[in-house]
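Beneath this line is the structure, given in structure tokens, with notes to follow.
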Amino acid sequence: MADITQSTSSGPRTAVEGPFTRFLRATEIDTRLLGMIAALLVIWIGFHFYTGGLFLTPRNLWNLSVQTTEIAVLATGMVLVIVTRNIDLSIGSILGFVAMIMGVVQAKFLPQYLGFDNSFTWVITLICGLLVGSAIGMFQGVIIAFMGVPSFIVTLGGFLAWRGLAWYVTSGQTVAPLDTTFRIMGGGAEGAIGATWSWIIGAAACVLIVVSIIGSRHQRRRFNFPRRPLWAEYVLGVLGCALVLGAIWVSTIYYWPPAIAKRYAEANNITVPETGLMIPYGIAVPVLIAVLVGIVMTFIATRLRFGRYVFAIGGNPEAAELAGIKTRWVTVRIFALMGFLAAVAAAISTARLNAAANSQGTTYELYTIAAAVIGGTSLAGGTGTIAGAMLGALVMQSLQSGMGLANVDTPIQNVVVGAVLVIAVWLDTVYRSRAK
């Protein structure tokens, strides 16, 4: 067996390395990702003690996972935008505009033809939103790629224009309530899959983790690449499964409020025991959507030709052009994809609020950029990971949630978020300079 430590490390070099360094080298764990996880744990533990034990509770962690989904979905697309040395300042406004479109479609337009709570209402609404979001992103991408206008200017104009058009759709009026089935995408008691299905999905995820590790090892053997030691493969499998099952366990020990559980029992002729009806939430539907988006975006970025083109353009645009890559069309597709993801986030946001409001998505562009940068995406282009951006979104939302529980004033929260963003960029600059 060809171990990676044997094939890439010499005797003297291994001698001066500590056990932790050798562990990281053998498991190939990204040190920046590990640093973010450590920072996240510090934030969680710190806020837990500061808030008197309110942070690390099943209720808060479940709500935190749901609140993170919108920024996490947007951050997966922002990674590709920033990797190509562009920026998108309009995604929050696009989200607000698409949310108003979806609200009007399902609350005012479709009921005239299909009635209320028709089984096709949510499907038509979602398709309309996705088409509108993709069209907006493509429109901005064409201006950037073929008219030569910098992405900063184009999306800054979109930041103002789409927010204004969102107000114009209903003259600033909030649209509510929304379709019952559509609201499932927002979480809540009816927007979770329960304990049984949560454990089934958790078991399937563990199987996929093991299969992916085995498949990766076979691929390395097939092409004669260095392989991780077997113990490192076991450690990665155990850690991955432990994280998945731990998250499932937390979601299943958070129960419906007694009043909601009682109404559910009355509607379904269920006898309520004296101790109360304990119905676990399980995984929230928006969390499943965000995880699915993350998996698909990771596949696009690492396995498809389009993803390789994106990173090639970010690394050296001139060389990518000379290599025959149609950089302009790649740029258009990136911004169209960003618009599509903004529509997905708009659906989650609208369903969670059970309303479409003109203020939806305000400051989301800043939090999304911050999540991508904190997750290791370099503003200089060419570097970034989807998983890192989603973890960065969790870090940002953890800060917000913790400060909210600690009753920190909103202006101070903005100061903290701004400071964290500046520090993240500074750390990226230091990391890149040392790498050179």
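By order of appearance in the structure tokens: chains A, B, ..., then residues from 1 within every chain, and ligands from 1 in the order shown.
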| field | Selection: 6 Å around segment 410-421 of chain A, only C-alpha atoms, excl. self and same-chain fewer than 2 positions, as a VMD selection string | value | chain A and resid 370 423 to 424
| said: Using only C-alpha atoms, which protein or nucleic acid residues come within 12 Å of segment 30-33 of chain A? Drop anything in the same chain fewer than 6 positions from it, and give the result as a ChimeraX atom specification. | reply: /A:20-21,23-24,39-40,373-377,384-392,395,424,427-428,431-432
For the residues in that selection, give me C-alpha atoms as a PDB file, in the first residue's frame.
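Saved as out37.pdb:
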ATOM      1  CA  PHE A  20      -0.814  17.069  14.700  1.00  0.00           C
ATOM      2  CA  THR A  21       0.950  18.137  11.489  1.00  0.00           C
ATOM      3  CA  PHE A  23      -2.244  13.857  11.214  1.00  0.00           C
ATOM      4  CA  LEU A  24      -3.315  16.733   8.964  1.00  0.00           C
ATOM      5  CA  ALA A  39     -13.642  29.405  15.396  1.00  0.00           C
ATOM      6  CA  LEU A  40     -17.259  28.221  15.136  1.00  0.00           C
ATOM      7  CA  VAL A 373     -14.684  35.321   2.079  1.00  0.00           C
ATOM      8  CA  ILE A 374     -14.744  33.883   5.597  1.00  0.00           C
ATOM      9  CA  GLY A 375     -15.076  30.462   3.953  1.00  0.00           C
ATOM     10  CA  GLY A 376     -11.766  30.907   2.149  1.00  0.00           C
ATOM     11  CA  THR A 377     -12.792  32.412  -1.194  1.00  0.00           C
ATOM     12  CA  GLY A 384     -12.646  29.050  -3.102  1.00  0.00           C
ATOM     13  CA  THR A 385     -14.728  26.095  -1.950  1.00  0.00           C
ATOM     14  CA  ILE A 386     -18.473  25.572  -1.695  1.00  0.00           C
ATOM     15  CA  ALA A 387     -18.221  23.808   1.673  1.00  0.00           C
ATOM     16  CA  GLY A 388     -16.113  26.637   3.072  1.00  0.00           C
ATOM     17  CA  ALA A 389     -18.655  29.243   1.969  1.00  0.00           C
ATOM     18  CA  MET A 390     -21.537  27.336   3.567  1.00  0.00           C
ATOM     19  CA  LEU A 391     -19.553  27.015   6.773  1.00  0.00           C
ATOM     20  CA  GLY A 392     -18.842  30.744   6.555  1.00  0.00           C
ATOM     21  CA  VAL A 395     -20.365  31.399  11.230  1.00  0.00           C
ATOM     22  CA  ALA A 424     -11.209  37.533   7.197  1.00  0.00           C
ATOM     23  CA  LEU A 427      -6.166  36.657   7.052  1.00  0.00           C
ATOM     24  CA  ASP A 428      -6.662  35.689   3.395  1.00  0.00           C
ATOM     25  CA  TYR A 431      -2.294  33.266   3.890  1.00  0.00           C
ATOM     26  CA  ARG A 432      -1.705  34.039   0.217  1.00  0.00           C
TER      27      ARG A 432
END
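The nearest approach to Phe306 of chain A among the residues A:Val330, A:Val425, A:Gly324, A:Glu365, with only C-alpha atoms taken into account, belongs to A:Val330.
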| task | Considering only C-alpha atoms, state which residue in the set A:Met78, A:Val66, A:Met278, A:Ala406 is at the smallest distance from Met297 of chain A. | result | A:Met78
| query | Which residues, written as a list of chain:residue names, have at least one atom at most 12 Å from Gly246 of chain A, with only C-alpha atoms counted and residues fewer than 6 positions away on the same chain left out? | reply |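 Near neighbours after the sequence-gap exclusion: A:Pro58, A:Leu61, A:Ser198, A:Trp199, A:Gly202, A:Ala203, A:Cys206, A:Val238, A:Leu239, A:Gly240, A:Thr252, A:Ile253, A:Ile283.
Restricting the calculation to only C-alpha atoms, the smallest distance between Gly157 of chain A and any of A:Arg434, A:Ser93, A:Asn269, A:Tyr309 is found for A:Ser93.
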| request: Name the residues in contact with Gly92 of chain A at a cut-off of 6 Å, using only C-alpha atoms, excluding same-chain residues fewer than 3 positions from it; report them as a list in words. | output: Leu95, Gly361, Thr362, Tyr364 and Glu365 of chain A
